[in-house]
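What's in structure-v6.txt: compact mmCIF, C-alpha atoms
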# COMPACT_ATOMS: atom_id res chain seq x y z
CA MET V 277 0.00 0.00 0.00
CA ILE V 278 1.07 3.60 -0.30
CA ALA V 279 1.71 5.81 2.73
CA LEU V 280 -1.33 7.70 3.99
CA GLU V 281 0.95 10.65 4.84
CA ILE V 282 1.69 11.46 1.19
CA ILE V 283 -2.03 11.56 0.38
CA ARG V 284 -2.70 13.79 3.37
CA GLU V 285 0.14 16.17 2.42
CA ASN V 286 -0.71 16.60 -1.27
CA PRO V 287 -3.88 14.80 -2.41
CA GLU V 288 -4.08 16.63 -5.75
CA LYS V 289 -0.58 15.57 -6.77
CA ILE V 290 -1.34 11.94 -5.90
CA LYS V 291 -4.63 12.14 -7.83
CA GLN V 292 -2.72 13.28 -10.92
CA ARG V 293 -0.27 10.39 -10.65
CA TYR V 294 -3.21 8.00 -10.52
CA LYS V 295 -4.72 9.73 -13.56
CA ASN V 296 -1.51 8.89 -15.41
CA ARG V 297 -2.43 5.27 -14.69
CA GLY V 298 -5.93 5.90 -16.04
CA LYS V 299 -7.60 5.83 -12.64
CA ASP V 300 -9.76 8.58 -11.16
CA VAL V 301 -9.40 8.38 -7.39
CA ASP V 302 -11.43 10.39 -4.89
CA PHE V 303 -9.75 10.76 -1.50
CA ALA V 304 -12.67 12.56 0.20
CA GLU V 305 -13.85 9.55 2.22
CA LEU V 306 -10.31 8.48 3.13
CA LEU V 307 -9.30 11.95 4.30
CA GLU V 308 -12.50 12.37 6.33
CA LEU V 309 -11.93 9.02 8.05
CA ASP V 310 -8.32 10.00 8.69
CA LYS V 311 -9.46 13.31 10.21
CA GLN V 312 -11.95 11.54 12.48
CA ARG V 313 -9.32 9.04 13.58
CA ARG V 314 -6.78 11.73 14.44
CA GLU V 315 -9.40 13.72 16.40
CA LYS V 316 -10.55 10.67 18.36
CA THR V 317 -6.95 9.59 18.95
CA LYS V 318 -6.23 12.98 20.52
CA VAL V 319 -9.29 12.70 22.78
CA VAL V 320 -8.38 9.14 23.82
CA GLU V 321 -4.81 10.11 24.62
CA GLU V 322 -6.03 12.98 26.77
CA MET V 323 -8.43 10.66 28.59
CA LYS V 324 -5.71 8.08 29.19
CA ALA V 325 -3.45 10.80 30.58
CA ARG V 326 -6.22 11.90 32.97
CA ARG V 327 -6.87 8.30 34.02
CA ASN V 328 -3.18 7.69 34.64
CA LYS V 329 -2.98 10.86 36.72
CA ALA V 330 -6.06 9.87 38.74
CA SER V 331 -4.69 6.38 39.19
CA SER V 332 -1.45 7.75 40.62
CA GLU V 333 -3.43 9.96 43.05
CA VAL V 334 -5.39 7.09 44.63
CA PRO V 335 -2.59 5.60 46.79
CA VAL V 336 -1.53 9.12 47.92
CA LEU V 337 -5.08 10.02 48.96
CA LYS V 338 -5.53 6.68 50.69
CA LYS V 339 -2.31 7.20 52.63
CA GLN V 340 -3.64 10.60 53.73
CA GLY V 341 -6.85 8.94 54.86
CA LYS V 342 -8.99 10.80 52.37
CA ASP V 343 -12.06 9.57 50.49
CA VAL V 344 -11.12 8.23 47.03
CA SER V 345 -14.59 7.24 45.84
CA SER V 346 -14.94 10.25 43.52
CA VAL V 347 -11.56 9.55 41.97
CA VAL V 348 -12.38 5.85 41.51
CA LYS V 349 -15.71 6.82 39.91
CA GLU V 350 -13.93 9.18 37.54
CA MET V 351 -11.46 6.44 36.60
CA LYS V 352 -14.30 4.01 35.90
CA GLU V 353 -16.13 6.53 33.71
CA LEU V 354 -12.92 7.35 31.89
CA GLY V 355 -12.26 3.63 31.36
CA GLU V 356 -15.71 3.13 29.83
CA SER V 357 -15.27 6.15 27.53
CA ILE V 358 -11.81 5.00 26.51
CA ALA V 359 -13.06 1.49 25.70
CA LYS V 360 -15.86 2.95 23.56
CA LEU V 361 -13.48 5.26 21.69
CA ASP V 362 -10.92 2.49 21.23
CA GLY V 363 -13.63 0.43 19.53
CA GLU V 364 -14.52 3.35 17.26
CA LEU V 365 -10.83 3.88 16.46
CA ALA V 366 -10.45 0.20 15.56
CA GLU V 367 -13.39 0.49 13.13
CA LEU V 368 -11.95 3.66 11.58
CA THR V 369 -8.54 2.04 11.21
CA GLU V 370 -10.07 -1.01 9.52
CA LYS V 371 -11.94 1.19 7.03
CA ILE V 372 -8.83 3.29 6.31
CA ASN V 373 -6.64 0.22 5.83
CA TYR V 374 -9.17 -1.37 3.47
CA ILE V 375 -9.24 1.75 1.28
CA LEU V 376 -5.43 1.90 1.26
CA LEU V 377 -5.16 -1.83 0.45
CA CYS V 378 -7.43 -1.33 -2.58
CA LEU V 379 -5.41 1.58 -3.97
CA PRO V 380 -2.90 0.66 -6.71
CA ASN V 381 0.75 1.58 -6.49
CA LEU V 382 1.85 5.01 -7.67
CA PRO V 383 3.52 4.91 -11.10
CA ASP V 384 6.99 6.43 -11.27
CA GLU V 385 6.86 10.03 -12.40
CA ASP V 386 9.04 9.48 -15.49
CA LEU V 387 6.51 7.07 -17.06
CA LEU V 388 4.32 8.23 -19.91
CA ALA V 389 0.65 8.60 -19.03
CA GLY V 390 -1.90 6.31 -20.67
CA GLY V 391 -2.09 2.65 -21.61
CA LYS V 392 -0.24 0.25 -23.88
CA GLU V 393 -0.61 2.60 -26.84
CA ASN V 394 2.09 4.70 -25.13
CA ASN V 395 4.50 1.84 -24.39
CA THR V 396 7.94 2.68 -25.76
CA PRO V 397 10.41 0.20 -27.33
CA ILE V 398 13.87 1.21 -26.07
CA TYR V 399 16.11 -1.61 -27.33
CA THR V 400 16.09 -4.31 -30.02
CA PHE V 401 18.25 -7.43 -30.16
CA GLY V 402 19.00 -9.24 -33.42
CA LYS V 403 16.95 -9.14 -36.59
CA LYS V 404 13.64 -10.57 -37.66
CA PRO V 405 14.31 -13.97 -39.22
CA GLU V 406 14.01 -14.30 -42.99
CA PHE V 407 12.71 -17.52 -44.53
CA LYS V 408 14.12 -17.98 -48.02
CA GLY V 409 12.80 -20.61 -50.38
CA PHE V 410 9.95 -21.86 -48.18
CA THR V 411 6.75 -20.72 -46.50
CA PRO V 412 7.21 -20.68 -42.72
CA LYS V 413 4.70 -22.45 -40.48
CA ASN V 414 3.19 -21.16 -37.28
CA HIS V 415 4.13 -22.69 -33.93
CA VAL V 416 0.89 -24.67 -33.62
CA GLU V 417 1.56 -26.49 -36.91
CA LEU V 418 5.23 -26.99 -36.08
CA CYS V 419 4.54 -28.34 -32.60
CA LYS V 420 1.97 -30.77 -34.00
CA ASP V 421 4.16 -31.88 -36.93
CA LEU V 422 7.18 -32.45 -34.68
CA GLY V 423 5.19 -34.15 -31.92
CA LEU V 424 6.10 -31.53 -29.33
CA ILE V 425 2.64 -30.61 -28.08
CA ASP V 426 -0.66 -32.49 -27.93
CA TYR V 427 -3.33 -29.79 -27.91
CA GLU V 428 -6.33 -32.08 -28.49
CA ARG V 429 -5.63 -34.44 -25.60
CA GLY V 430 -4.67 -31.49 -23.40
CA ALA V 431 -8.14 -30.04 -24.02
CA LYS V 432 -9.65 -33.50 -23.41
CA LEU V 433 -7.99 -33.64 -19.98
CA ALA V 434 -8.42 -30.04 -18.85
CA GLY V 435 -10.47 -28.04 -21.38
CA ASN V 436 -9.50 -25.02 -23.45
CA GLY V 437 -6.26 -23.30 -22.51
CA ALA V 438 -4.49 -26.58 -21.66
CA TRP V 439 -1.90 -28.63 -23.53
CA ILE V 440 0.46 -31.59 -23.03
CA TYR V 441 4.20 -31.45 -23.69
CA THR V 442 5.14 -34.72 -25.40
CA GLY V 443 8.46 -36.33 -26.39
CA ASP V 444 10.99 -33.73 -27.48
CA GLY V 445 8.52 -31.02 -26.48
CA ALA V 446 8.65 -32.15 -22.86
CA ARG V 447 12.45 -32.40 -23.07
CA LEU V 448 12.68 -28.92 -24.59
CA GLU V 449 10.47 -27.49 -21.85
CA TRP V 450 12.62 -29.11 -19.16
CA ALA V 451 15.80 -27.98 -20.91
CA LEU V 452 14.61 -24.38 -20.83
CA LEU V 453 13.74 -24.56 -17.13
CA SER V 454 17.09 -26.20 -16.34
CA PHE V 455 18.97 -23.58 -18.34
CA PHE V 456 17.20 -20.71 -16.59
CA ILE V 457 17.78 -22.18 -13.14
CA ASP V 458 21.48 -22.84 -13.83
CA GLU V 459 21.92 -19.26 -15.04
CA HIS V 460 20.28 -17.84 -11.91
CA VAL V 461 22.26 -20.03 -9.52
CA LYS V 462 25.47 -19.07 -11.33
CA ASP V 463 24.60 -15.41 -10.72
CA GLY V 464 24.05 -15.86 -6.99
CA PHE V 465 20.29 -16.33 -6.84
CA GLU V 466 19.04 -18.75 -4.19
CA PHE V 467 16.94 -21.38 -5.95
CA MET V 468 13.60 -22.29 -4.34
CA LEU V 469 10.82 -24.78 -4.94
CA LEU V 470 7.74 -23.21 -3.39
CA PRO V 471 4.30 -24.29 -2.18
CA HIS V 472 1.68 -24.08 -4.90
CA MET V 473 -1.15 -23.49 -2.39
CA LEU V 474 -0.83 -20.19 -0.54
CA ASN V 475 -2.72 -18.50 2.29
CA TYR V 476 -4.71 -15.30 1.97
CA GLU V 477 -1.93 -13.17 3.46
CA CYS V 478 0.31 -13.98 0.47
CA GLY V 479 -2.21 -12.53 -1.98
CA LEU V 480 -2.69 -9.51 0.28
CA GLY V 481 1.05 -8.88 0.64
CA ALA V 482 1.72 -9.23 -3.08
CA GLY V 483 -0.95 -6.64 -3.82
CA GLN V 484 -3.35 -9.00 -5.61
CA PHE V 485 -5.94 -9.03 -2.80
CA PRO V 486 -8.47 -7.78 -1.96
CA LYS V 487 -9.06 -6.22 -5.39
CA PHE V 488 -8.24 -9.22 -7.59
CA GLU V 489 -9.48 -12.09 -5.45
CA ASP V 490 -11.54 -13.46 -8.36
CA ASP V 491 -8.51 -13.83 -10.65
CA VAL V 492 -7.07 -16.86 -8.82
CA TYR V 493 -8.16 -20.47 -8.33
CA TRP V 494 -9.40 -20.99 -4.77
CA ILE V 495 -8.88 -24.43 -3.26
CA ASP V 496 -12.06 -24.29 -1.21
CA SER V 497 -14.36 -21.30 -1.06
CA LYS V 498 -13.03 -17.78 -1.43
CA SER V 499 -12.26 -16.55 2.10
CA LYS V 500 -9.49 -15.23 4.31
CA THR V 501 -9.03 -18.71 5.80
CA SER V 502 -8.91 -20.58 2.48
CA LYS V 503 -5.93 -21.24 0.21
CA PHE V 504 -5.47 -20.46 -3.47
CA LEU V 505 -3.24 -21.72 -6.30
CA LEU V 506 -0.40 -19.30 -6.88
CA PRO V 507 -0.66 -17.25 -10.11
CA THR V 508 3.14 -16.76 -10.11
CA ALA V 509 6.07 -17.59 -7.83
CA GLU V 510 6.33 -13.87 -7.08
CA THR V 511 3.24 -14.17 -4.86
CA ALA V 512 5.15 -16.52 -2.58
CA LEU V 513 8.63 -15.03 -2.87
CA VAL V 514 7.62 -11.46 -1.94
CA ASN V 515 6.09 -12.78 1.29
CA LEU V 516 9.16 -14.61 2.62
CA TYR V 517 9.98 -11.94 5.20
CA ARG V 518 6.44 -10.95 6.18
CA GLY V 519 6.53 -9.33 9.63
CA GLU V 520 10.34 -9.46 9.84
CA ILE V 521 13.13 -6.91 10.17
CA LEU V 522 16.34 -7.66 8.25
CA LYS V 523 19.79 -6.18 8.72
CA GLU V 524 20.94 -3.86 5.95
CA ASN V 525 24.11 -5.91 5.43
CA GLU V 526 21.90 -8.90 4.51
CA LEU V 527 20.71 -7.03 1.41
CA PRO V 528 20.21 -7.46 -1.43
CA LYS V 529 18.54 -10.85 -1.30
CA LYS V 530 18.09 -12.63 -4.64
CA PHE V 531 15.74 -15.56 -5.18
CA ALA V 532 14.74 -17.67 -8.18
CA GLY V 533 11.71 -19.91 -7.89
CA TYR V 534 10.27 -22.41 -10.34
CA THR V 535 6.52 -23.10 -10.29
CA PRO V 536 3.66 -23.73 -12.63
CA CYS V 537 1.46 -20.61 -12.76
CA TYR V 538 -2.30 -20.97 -12.47
CA ARG V 539 -4.45 -18.23 -14.04
CA ARG V 540 -8.24 -18.11 -14.29
CA GLU V 541 -8.22 -15.71 -17.24
CA ALA V 542 -6.56 -17.42 -20.18
CA GLY V 543 -7.24 -14.94 -22.97
CA SER V 544 -9.48 -15.08 -26.00
CA TYR V 545 -9.77 -17.17 -29.12
CA ARG V 546 -8.05 -14.53 -31.21
CA ALA V 547 -5.29 -15.66 -33.54
CA GLU V 548 -2.59 -14.03 -31.40
CA GLU V 549 -3.70 -16.14 -28.41
CA ARG V 550 -3.67 -19.49 -30.18
CA GLY V 551 -1.71 -22.55 -29.13
CA MET V 552 0.30 -22.07 -25.96
CA ILE V 553 0.63 -18.27 -26.14
CA ARG V 554 -1.85 -17.99 -23.28
CA GLY V 555 -3.21 -20.71 -21.01
CA HIS V 556 -4.63 -21.50 -17.58
CA GLN V 557 -1.40 -23.23 -16.52
CA PHE V 558 2.15 -22.59 -17.68
CA ASN V 559 5.69 -22.92 -16.33
CA LYS V 560 7.84 -20.02 -15.24
CA VAL V 561 11.03 -19.31 -13.35
CA GLU V 562 10.63 -16.09 -11.39
CA MET V 563 13.30 -13.75 -10.04
CA VAL V 564 12.67 -11.68 -6.90
CA MET V 565 14.96 -9.25 -5.13
CA TYR V 566 14.77 -7.49 -1.76
CA THR V 567 16.81 -4.29 -1.49
CA ALA V 568 17.36 -1.17 0.58
CA LYS V 569 15.47 1.84 -0.79
CA ASP V 570 18.59 3.56 -2.14
CA LYS V 571 19.54 0.43 -4.14
CA SER V 572 16.12 -0.06 -5.72
CA ASP V 573 16.83 1.51 -9.12
CA GLU V 574 20.15 -0.32 -9.41
CA ALA V 575 18.42 -3.63 -8.69
CA PHE V 576 15.79 -2.91 -11.34
CA GLU V 577 18.43 -2.34 -14.03
CA TYR V 578 20.18 -5.54 -12.92
CA LEU V 579 17.02 -7.64 -13.28
CA VAL V 580 16.25 -6.16 -16.70
CA LYS V 581 19.76 -7.07 -17.92
CA LYS V 582 19.34 -10.54 -16.43
CA ALA V 583 16.11 -11.21 -18.33
CA GLN V 584 17.63 -9.84 -21.53
CA SER V 585 20.71 -12.05 -21.20
CA LEU V 586 18.59 -15.21 -21.01
CA VAL V 587 16.80 -14.39 -24.27
CA GLU V 588 20.02 -13.31 -25.96
CA LYS V 589 21.79 -16.54 -25.01
CA LEU V 590 18.93 -18.40 -26.69
CA GLY V 591 19.61 -16.28 -29.80
CA LEU V 592 16.04 -15.01 -30.10
CA HIS V 593 15.08 -11.70 -31.68
CA TYR V 594 13.25 -9.47 -29.17
CA GLN V 595 12.54 -5.90 -28.17
CA LEU V 596 12.69 -4.27 -24.74
CA VAL V 597 9.70 -2.06 -23.97
CA LYS V 598 9.19 0.58 -21.26
CA LEU V 599 5.55 0.37 -20.20
CA ALA V 600 3.36 3.45 -19.85
CA ALA V 601 1.85 4.11 -16.42
CA GLY V 602 -1.52 2.60 -17.31
CA ASP V 603 -0.06 -0.67 -18.59
CA CYS V 604 1.90 -1.46 -15.42
CA SER V 605 0.14 -3.87 -13.08
CA ASP V 606 -1.56 -2.29 -10.09
CA SER V 607 1.18 -3.37 -7.66
CA MET V 608 4.10 -1.93 -9.64
CA CYS V 609 5.71 1.50 -9.98
CA ARG V 610 7.48 0.68 -13.24
CA THR V 611 7.79 -2.24 -15.65
CA TYR V 612 9.95 -3.15 -18.64
CA ASP V 613 8.76 -6.00 -20.86
CA VAL V 614 10.98 -8.31 -22.89
CA GLU V 615 8.93 -9.10 -26.00
CA LEU V 616 9.71 -11.96 -28.40
CA TRP V 617 9.06 -11.79 -32.11
CA ILE V 618 6.47 -14.36 -33.27
CA PRO V 619 6.81 -14.41 -37.10
CA SER V 620 3.44 -16.03 -37.92
CA MET V 621 1.60 -13.37 -35.94
CA ASN V 622 3.80 -10.51 -37.11
CA ILE V 623 3.82 -9.18 -33.54
CA TYR V 624 5.94 -9.22 -30.39
CA LYS V 625 4.69 -11.12 -27.33
CA GLU V 626 5.94 -10.57 -23.79
CA CYS V 627 8.00 -13.37 -22.20
CA SER V 628 9.31 -11.39 -19.22
CA SER V 629 8.04 -8.46 -17.21
CA VAL V 630 10.57 -6.87 -14.88
CA SER V 631 8.96 -4.64 -12.28
CA ASN V 632 9.74 -2.53 -9.23
CA ALA V 633 7.11 -2.37 -6.48
CA ARG V 634 9.33 -0.14 -4.33
CA ASP V 635 7.92 -0.30 -0.75
CA TYR V 636 4.29 -1.01 -1.81
CA GLN V 637 4.39 -4.75 -1.05
CA ALA V 638 6.62 -4.36 2.01
CA ARG V 639 4.15 -1.94 3.63
CA ARG V 640 1.35 -4.47 3.14
CA SER V 641 3.40 -7.22 4.79
CA SER V 642 5.38 -5.13 7.30
CA MET V 643 8.78 -6.17 5.88
CA LYS V 644 11.59 -3.88 7.00
CA TYR V 645 15.35 -3.55 7.36
CA ARG V 646 17.40 -1.67 9.91
CA ASP V 647 19.51 1.14 8.43
CA SER V 648 23.12 0.51 9.40
CA LYS V 649 23.89 4.24 9.81
CA THR V 650 20.79 5.60 11.54
CA GLY V 651 19.61 2.45 13.31
CA LYS V 652 16.07 3.26 12.14
CA THR V 653 13.87 0.72 10.41
CA GLU V 654 12.87 1.31 6.78
CA PHE V 655 10.51 -0.60 4.52
CA LEU V 656 12.21 -3.00 2.12
CA HIS V 657 11.89 -2.56 -1.63
CA THR V 658 10.77 -5.61 -3.63
CA LEU V 659 11.37 -6.27 -7.32
CA ASN V 660 10.45 -9.15 -9.60
CA GLY V 661 11.07 -10.37 -13.12
CA SER V 662 10.17 -13.42 -15.18
CA GLY V 663 13.25 -15.44 -15.81
CA LEU V 664 11.54 -16.73 -18.01
CA ALA V 665 8.00 -17.90 -18.92
CA THR V 666 8.39 -20.93 -21.20
CA SER V 667 4.98 -20.83 -22.90
CA ARG V 668 6.14 -17.84 -24.96
CA ILE V 669 9.70 -19.11 -25.45
CA ILE V 670 8.85 -22.37 -27.23
CA PRO V 671 6.61 -20.71 -29.87
CA ALA V 672 9.39 -18.20 -30.54
CA ILE V 673 12.06 -20.93 -30.79
CA VAL V 674 10.15 -23.16 -33.20
CA GLU V 675 9.05 -20.26 -35.40
CA GLN V 676 12.30 -18.27 -35.46
CA PHE V 677 14.56 -21.33 -35.86
CA GLN V 678 12.48 -23.42 -38.29
CA ASN V 679 14.16 -24.82 -41.38
CA ALA V 680 12.99 -25.50 -44.95
CA ASP V 681 12.81 -29.27 -44.33
CA GLY V 682 10.39 -28.84 -41.43
CA THR V 683 12.97 -29.31 -38.69
CA VAL V 684 13.79 -26.77 -35.97
CA THR V 685 17.30 -25.95 -34.84
CA ILE V 686 17.71 -26.24 -31.05
CA PRO V 687 19.48 -23.24 -29.45
CA GLU V 688 23.06 -24.20 -28.65
CA VAL V 689 22.76 -23.43 -24.91
CA LEU V 690 19.96 -26.03 -24.58
CA ARG V 691 21.66 -28.92 -26.35
CA LYS V 692 23.54 -30.24 -23.31
CA TYR V 693 20.18 -30.65 -21.56
CA MET V 694 18.89 -32.69 -24.54
CA GLY V 695 21.73 -35.17 -24.81
CA GLY V 696 23.55 -33.22 -27.52
CA GLN V 697 20.55 -33.17 -29.86
CA THR V 698 20.77 -30.33 -32.40
CA LEU V 699 17.46 -30.58 -34.27
CA LEU V 700 13.80 -31.15 -33.52
CA THR V 701 12.60 -33.59 -36.15
CA LYS V 702 9.51 -35.55 -37.04
CA LYS V 703 9.24 -38.90 -35.30
CA ASN V 704 7.90 -42.04 -37.01
Would you kindly transcribe this structure into structure tokens?
Amino acid sequence: MIALEIIRENPEKIKQRYKNRGKDVDFAELLELDKQRREKTKVVEEMKARRNKASSEVPVLKKQGKDVSSVVKEMKELGESIAKLDGELAELTEKINYILLCLPNLPDEDLLAGGKENNTPIYTFGKKPEFKGFTPKNHVELCKDLGLIDYERGAKLAGNGAWIYTGDGARLEWALLSFFIDEHVKDGFEFMLLPHMLNYECGLGAGQFPKFEDDVYWIDSKSKTSKFLLPTAETALVNLYRGEILKENELPKKFAGYTPCYRREAGSYRAEERGMIRGHQFNKVEMVMYTAKDKSDEAFEYLVKKAQSLVEKLGLHYQLVKLAAGDCSDSMCRTYDVELWIPSMNIYKECSSVSNARDYQARRSSMKYRDSKTGKTEFLHTLNGSGLATSRIIPAIVEQFQNADGTVTIPEVLRKYMGGQTLLTKKN
């Protein structure tokens, strides 16, 4: 969540930053509740001071042999008033916190206003592949012809938006995951295998709840005591230090987690969503970093370079895009997307989003670090990036690296994970 203080100090400025995100926010109710809470807090504190003073007078009066009944009566009346006001304060605090929890993060001020129409490509790697002497196929045809994916039986088992990796397809998927994990471990990330069923607090801390409770698969009924299937490893990884205070010299912390990702919304039946471009379940290795606030921007650049290096080592043509304020997810201040070229669609599709939440998630989960110079506690900054999502990688590989004879050249960095195999070929 964002700090209430910055809304109180300059609500119009904060409104404008939300408008850049495409959201009209009215702070009237929040500010009125905040005013009431501060007024009642002042009254309660005064009452508690009077009660404490009266309480300290009782033994003195008793020692002097004086009647204390009036003082005891006053203390009782004060106690009843304090209890009533404490209850009202608790209600006000709950309402204020709910409003704050529903507010999205503030986009960084350097982002362009508006939605995806204002996203800006800032870097391109490689060139669009050229197919000379043959008509290239799309990834659905190639995956069927080469026996990599069984879409029909995937739909039979789990409905639309599901598929089965078969034969070399399953090996290629596992090779990609192994390659990503090895690269992260080599670069000092701690590798984790995480629970797939998470408690409500994880969704709240990540910024997905309460607003997007309907976007996940609930194990039982939707409630604060039920569990849900994680939509991404980020949801678990950004909750590791919930309620904890770290030492500054422990930072940064770098984690890489592999999980399937479970999403209720799997896209449309449009051509650009066909095959495995979008589904209800897909595999992803996620990177998450915890940093001190003054190292946040440096960590963001590091994660962007990390995601880029994975795609570049695969040899895939891609573009790096700086998202406009309105296209960043609600929990993030800024996001860069790594977008792969899909020749058959003549468009780029995102395979990695690298984002900085700054202290938004840490405030929701009370995750802090102690500043080594001042000794004061500060909220951690959390960052995440796909490293990478395989359901976009395989379509790009088979389309960009297809050959005239129908085979597909396997990226060199993956061959050691596939027993030295260099080509994906049709099987008898």
- Skip Lys571 (chain V) itself and residues of its chain fewer than 3 positions away, then list as a ChimeraX atom specification all residues within 12 Å of it, counting all atoms listed in the file. /V:524,527-529,565-568,574-578,632,634,656-659
Could you please take those selected residues and save C-alpha atoms as a PDB file, in the coordinates of the input?
ATOM      1  CA  GLU V 524      20.940  -3.860   5.950  1.00  0.00           C
ATOM      2  CA  LEU V 527      20.710  -7.030   1.410  1.00  0.00           C
ATOM      3  CA  PRO V 528      20.210  -7.460  -1.430  1.00  0.00           C
ATOM      4  CA  LYS V 529      18.540 -10.850  -1.300  1.00  0.00           C
ATOM      5  CA  MET V 565      14.960  -9.250  -5.130  1.00  0.00           C
ATOM      6  CA  TYR V 566      14.770  -7.490  -1.760  1.00  0.00           C
ATOM      7  CA  THR V 567      16.810  -4.290  -1.490  1.00  0.00           C
ATOM      8  CA  ALA V 568      17.360  -1.170   0.580  1.00  0.00           C
ATOM      9  CA  GLU V 574      20.150  -0.320  -9.410  1.00  0.00           C
ATOM     10  CA  ALA V 575      18.420  -3.630  -8.690  1.00  0.00           C
ATOM     11  CA  PHE V 576      15.790  -2.910 -11.340  1.00  0.00           C
ATOM     12  CA  GLU V 577      18.430  -2.340 -14.030  1.00  0.00           C
ATOM     13  CA  TYR V 578      20.180  -5.540 -12.920  1.00  0.00           C
ATOM     14  CA  ASN V 632       9.740  -2.530  -9.230  1.00  0.00           C
ATOM     15  CA  ARG V 634       9.330  -0.140  -4.330  1.00  0.00           C
ATOM     16  CA  LEU V 656      12.210  -3.000   2.120  1.00  0.00           C
ATOM     17  CA  HIS V 657      11.890  -2.560  -1.630  1.00  0.00           C
ATOM     18  CA  THR V 658      10.770  -5.610  -3.630  1.00  0.00           C
ATOM     19  CA  LEU V 659      11.370  -6.270  -7.320  1.00  0.00           C
TER      20      LEU V 659
END
Tell me, counting only C-alpha atoms, for each residue of region 570-645 of chain V within 12 Å of region 557-560 of chain V, which pair of atoms is nearest and how far apart they are in Å to one decimal, in rows ordered by chain and increasing number, as a Markdown table.
| residue | atom | partner | partner_atom | distance |
| --- | --- | --- | --- | --- |
| V:Cys627 | CA | V:Lys560 | CA | 9.6 |
| V:Ser628 | CA | V:Lys560 | CA | 9.6 |
| V:Ser629 | CA | V:Lys560 | CA | 11.7 |
Output C-alpha atoms for every residue in the selection just made, as a CSV table (one decimal), in the coordinates of the input.
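And here's result01.csv as it stands now:
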chain,number,residue,atom,x,y,z
V,627,CYS,CA,8.0,-13.4,-22.2
V,628,SER,CA,9.3,-11.4,-19.2
V,629,SER,CA,8.0,-8.5,-17.2
- Query: Given the choices V:Tyr294, V:Phe455, V:Phe488, V:Tyr427, which gets closest to Pro383 (chain V) if the distance is worked out from only C-alpha atoms?
  - Reply: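 Answer, going by the shortest atom-to-atom distance: V:Tyr294.
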- Using all atoms listed in the file, which of V:Ala665, V:Cys537, V:Ile372, V:Leu506 sits nearest Ala279 (chain V)? V:Ile372
- Write out as a PyMOL selection string the residues lying within 12 Å of Pro619 (chain V), counting all atoms listed in the file and excluding same-chain residues fewer than 2 positions away. chain V and resi 403-407+411-415+548+592-594+616-617+621-625+671-678
For the residues in the current selection, export C-alpha atoms as a short mmCIF file (atom, residue, chain, number, x, y, z; two decimals), in the coordinates of the input.
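File selection_39.cif, as written:
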data_model
loop_
_atom_site.label_atom_id
_atom_site.label_comp_id
_atom_site.auth_asym_id
_atom_site.auth_seq_id
_atom_site.Cartn_x
_atom_site.Cartn_y
_atom_site.Cartn_z
CA LYS V 403 16.95 -9.14 -36.59
CA LYS V 404 13.64 -10.57 -37.66
CA PRO V 405 14.31 -13.97 -39.22
CA GLU V 406 14.01 -14.30 -42.99
CA PHE V 407 12.71 -17.52 -44.53
CA THR V 411 6.75 -20.72 -46.50
CA PRO V 412 7.21 -20.68 -42.72
CA LYS V 413 4.70 -22.45 -40.48
CA ASN V 414 3.19 -21.16 -37.28
CA HIS V 415 4.13 -22.69 -33.93
CA GLU V 548 -2.59 -14.03 -31.40
CA LEU V 592 16.04 -15.01 -30.10
CA HIS V 593 15.08 -11.70 -31.68
CA TYR V 594 13.25 -9.47 -29.17
CA LEU V 616 9.71 -11.96 -28.40
CA TRP V 617 9.06 -11.79 -32.11
CA MET V 621 1.60 -13.37 -35.94
CA ASN V 622 3.80 -10.51 -37.11
CA ILE V 623 3.82 -9.18 -33.54
CA TYR V 624 5.94 -9.22 -30.39
CA LYS V 625 4.69 -11.12 -27.33
CA PRO V 671 6.61 -20.71 -29.87
CA ALA V 672 9.39 -18.20 -30.54
CA ILE V 673 12.06 -20.93 -30.79
CA VAL V 674 10.15 -23.16 -33.20
CA GLU V 675 9.05 -20.26 -35.40
CA GLN V 676 12.30 -18.27 -35.46
CA PHE V 677 14.56 -21.33 -35.86
CA GLN V 678 12.48 -23.42 -38.29
#
- Query: At a cut-off of 7 Å from (7.2, 1.1, -7.1) in the coordinates of the file, what residues are picked up using only C-alpha atoms, written as a list in words?
  - Reply: Asn381, Leu382, Pro383, Asp384, Met608, Cys609, Arg610, Asn632, Ala633, Arg634, Asp635 and Tyr636 of chain V
Show me as a short mmCIF file (atom, residue, chain, number, x, y, z; two decimals) with C-alpha atoms, in the coordinates of the input the residues that reach within 10 Å of (-9.6, 10.5, -8.1), counting only C-alpha atoms and using the file's own coordinates.
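The result, stored in selection_36.cif:
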data_model
loop_
_atom_site.label_atom_id
_atom_site.label_comp_id
_atom_site.auth_asym_id
_atom_site.auth_seq_id
_atom_site.Cartn_x
_atom_site.Cartn_y
_atom_site.Cartn_z
CA PRO V 287 -3.88 14.80 -2.41
CA GLU V 288 -4.08 16.63 -5.75
CA ILE V 290 -1.34 11.94 -5.90
CA LYS V 291 -4.63 12.14 -7.83
CA GLN V 292 -2.72 13.28 -10.92
CA ARG V 293 -0.27 10.39 -10.65
CA TYR V 294 -3.21 8.00 -10.52
CA LYS V 295 -4.72 9.73 -13.56
CA GLY V 298 -5.93 5.90 -16.04
CA LYS V 299 -7.60 5.83 -12.64
CA ASP V 300 -9.76 8.58 -11.16
CA VAL V 301 -9.40 8.38 -7.39
CA ASP V 302 -11.43 10.39 -4.89
CA PHE V 303 -9.75 10.76 -1.50
CA ALA V 304 -12.67 12.56 0.20
#
- At what distance in Å, to one decimal, does CA of Val561 (chain V) lie from CA of Asp491 (chain V)?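 Calculated distance between CA of Asp491 (chain V) and CA of Val561 (chain V) is 20.5 Å.
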